[in-house]
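Trainee: So that we are looking at the same thing, I have put the structure below in C-alpha cells.
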Amino acid sequence: MSTQTTNAAWAAALLLPLGALGAPGPVRAEEAAAGGDRPVALVEGVPITEDQLDRLIAAQLRELRQREYTLRSQALDELIAQRLIEKEAKARGVSAAVLVKAEVEDKATVTEAEVKSFYQANKDRFPPGTAEADALKQVEARLGPQRQRERRAAWVRELRQKGAVKVLLEPLRVEVALAGHPVRGGKDAPVTIVEFSDFQCPYCSRARPTVNRVRQQYGEQVRIVFRHFPLAFHAEAQKAGEAADCAGEQGRFWEMHDRLFEQQQKLQVADLKQHAADLGLDAAAFGQCLDSGRRGEGVRRDLEAGQELGVSGTPAFFINGRPLVGAQPFESFAQVIDDELARAGVEPRAAAAVPGAARQ
C-alpha cells in the first residue's frame, strides 16, 4: 500500500528534538562570517547557522514547500478554470451553471452496465454480507462524482488549450538523476517523467494504464525513466527489482517490467526465473545474475535517492522535476505535461490522433 506524508506527520517531524535528528557540530563566528552564513543563535559565543538549521530539517522543509506550491497551483488552476468557463458561457450566451451542466453533468453519466461491471470486478472489497443492491448503490454514488471530476478536468483542459493560457507561477522542481536508468520514449523528448516504483505495490500496478495512456497520447514528446523504490513491507519487491535489472542486462528490462506488474502475485524467486524463461531470456545468465545479488546494490541506491528527494510512498513521479505523487488520473499528468510543453514552445499532440486515448 502506498504511504503518504500527512500534515500531522510534517508537524511532528518539525517538532522533533534536535537529538533525534542528530545535531550538527558548532561553527565558529569567524567561520560563519567567512562562509556568509547568517547565525540564528549563539551558544557561548559560538553560532548556530541558518545553513545548519536548514540542513537539519531539509526533508521536512522540502515537503512543506511542495505542499505550499501544490496548494497555490491547485488554487490557480481553479481560478483559470472559472475564468475560462465564464468566457465560454458568455460566448455561447448562457450562464456558467447551465454550461457546466451541459458539458459536465450531462456528459458524465454512469450507466447501469458500468455500475454492475465495477461491482463484479471489486465485489471482494465490500464487507461480507453486503447485499448486492446496496453495493450497487454505493458504486453508483462513488462513480458518479468521480466521472464528473474526470469530465470537468478533460473539458477544462480543452478550454485551456484553445484559451491562450500562460501560467507564470514557477513550478517547484527537484533534480533527479537520469543516467544509467531504463528509458522509454524519445531520446530528445521535451518532457521526462521519472517514476519511483515498487513491483509489489498494487497502486503502482493500477497506475500502469495511465502511464501507458501518457505514452500513447504524447508519443515521442515524452520519455519515461524507471527507478526502484521497494517498500520495506513488500518482502518480494527488492528481488523483483533485481530481476528487472537482470533482464536489463540482456536488453529486456521493459518486457520484464511489464510482466512483473501483470503477474504481481508471482514474485517469488522461482516465479522470477520462470518469467525470464517465458520471455525467452538466457535462463542460465539470468539465474546467475539473480542468485548472485549483484543488482541489489543498484536497487538500494535508487531507494536512497528517492528518499533524499522526499519520496515516501509509491508510485511517485517527477515530471521534468515536478513531483506528482500517487496513482493519479491521466488528466493530472496531462495538465503538467501540457504546461511543460507550453513552456518549451511545443504543441501537444492531438488526443484524437492517438489510438486508446478515449476515457478509461
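Letters A, B, ... mark the chains of the C-alpha cells in the order given; residue numbers begin at 1 per chain; ligand numbers begin at 1, in order shown.
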Arg184 of chain A: which residues within 7 Å, counting only C-alpha atoms, same-chain residues fewer than 6 positions away excluded, as a VMD selection string?
Mentor: chain A and resid 223 to 225
Trainee: Using DSSP secondary structure from the backbone, list all helix (DSSP H, G or I) positions within segment 100-293 of chain A, as a ChimeraX atom specification.
Mentor: /A:100-105,112-125,132-162,202-206,208-221,237-249,253-262,269-278,283-292
Trainee: Give me the residues near Glu175 of chain A as a compact mmCIF listing (two decimals) with C-alpha atoms, in the first residue's frame, where near means some atom within 9 Å (using only C-alpha atoms) and where sequence neighbours in that chain fewer than 6 positions away do not count.
Mentor:
# COMPACT_ATOMS: atom_id res chain seq x y z
CA LEU A 309 14.11 13.55 -2.91
CA ASN A 320 10.67 17.48 -15.55
CA GLY A 321 11.48 17.51 -11.85
Trainee: Among segment 107-191 of chain A, which ones does DSSP place in strand (DSSP E), written as a ChimeraX atom specification?
Mentor: /A:183-185,191
Trainee: Please report, as CSV, each residue of segment 154-219 of chain A lying at most 8 Å from segment 72-94 of chain A, together with the nearest pair of atoms and the separation in Å rounded to one decimal; use only C-alpha atoms, and order rows by chain and ascending residue number.
Mentor:
residue,atom,partner,partner_atom,distance
A:Val156,CA,A:Ala81,CA,6.1
A:Leu159,CA,A:Leu84,CA,6.5
A:Arg160,CA,A:Leu84,CA,7.3
A:Gly163,CA,A:Leu84,CA,7.2
A:Leu169,CA,A:Ser73,CA,7.7
Trainee: Store the residues of this selection in a file with C-alpha atoms, as an mmCIF file, in the first residue's frame.
Mentor:
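result_3.cif, written as the output of this step:
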data_model
loop_
_atom_site.group_PDB
_atom_site.id
_atom_site.type_symbol
_atom_site.label_atom_id
_atom_site.label_comp_id
_atom_site.auth_asym_id
_atom_site.auth_seq_id
_atom_site.Cartn_x
_atom_site.Cartn_y
_atom_site.Cartn_z
ATOM 1 C CA VAL A 156 -11.138 22.439 -18.765
ATOM 2 C CA LEU A 159 -10.587 25.146 -22.843
ATOM 3 C CA ARG A 160 -7.036 25.824 -21.674
ATOM 4 C CA GLY A 163 -7.725 29.791 -24.465
ATOM 5 C CA LEU A 169 3.788 30.665 -11.427
#
Trainee: For Asp271 of chain A, find every residue with an atom within 12 Å (counting only C-alpha atoms), except residues of its own chain fewer than 6 positions away, and show them as a VMD selection string.
Mentor: chain A and resid 236 239 to 240 243 256 259 to 260 263 to 265 277 to 278 287 290
Trainee: What does the structure give for the distance between atom CA of Gly180 of chain A and atom CA of Phe226 of chain A, in Å to one decimal?
Mentor: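 The value is 10.2 Å.
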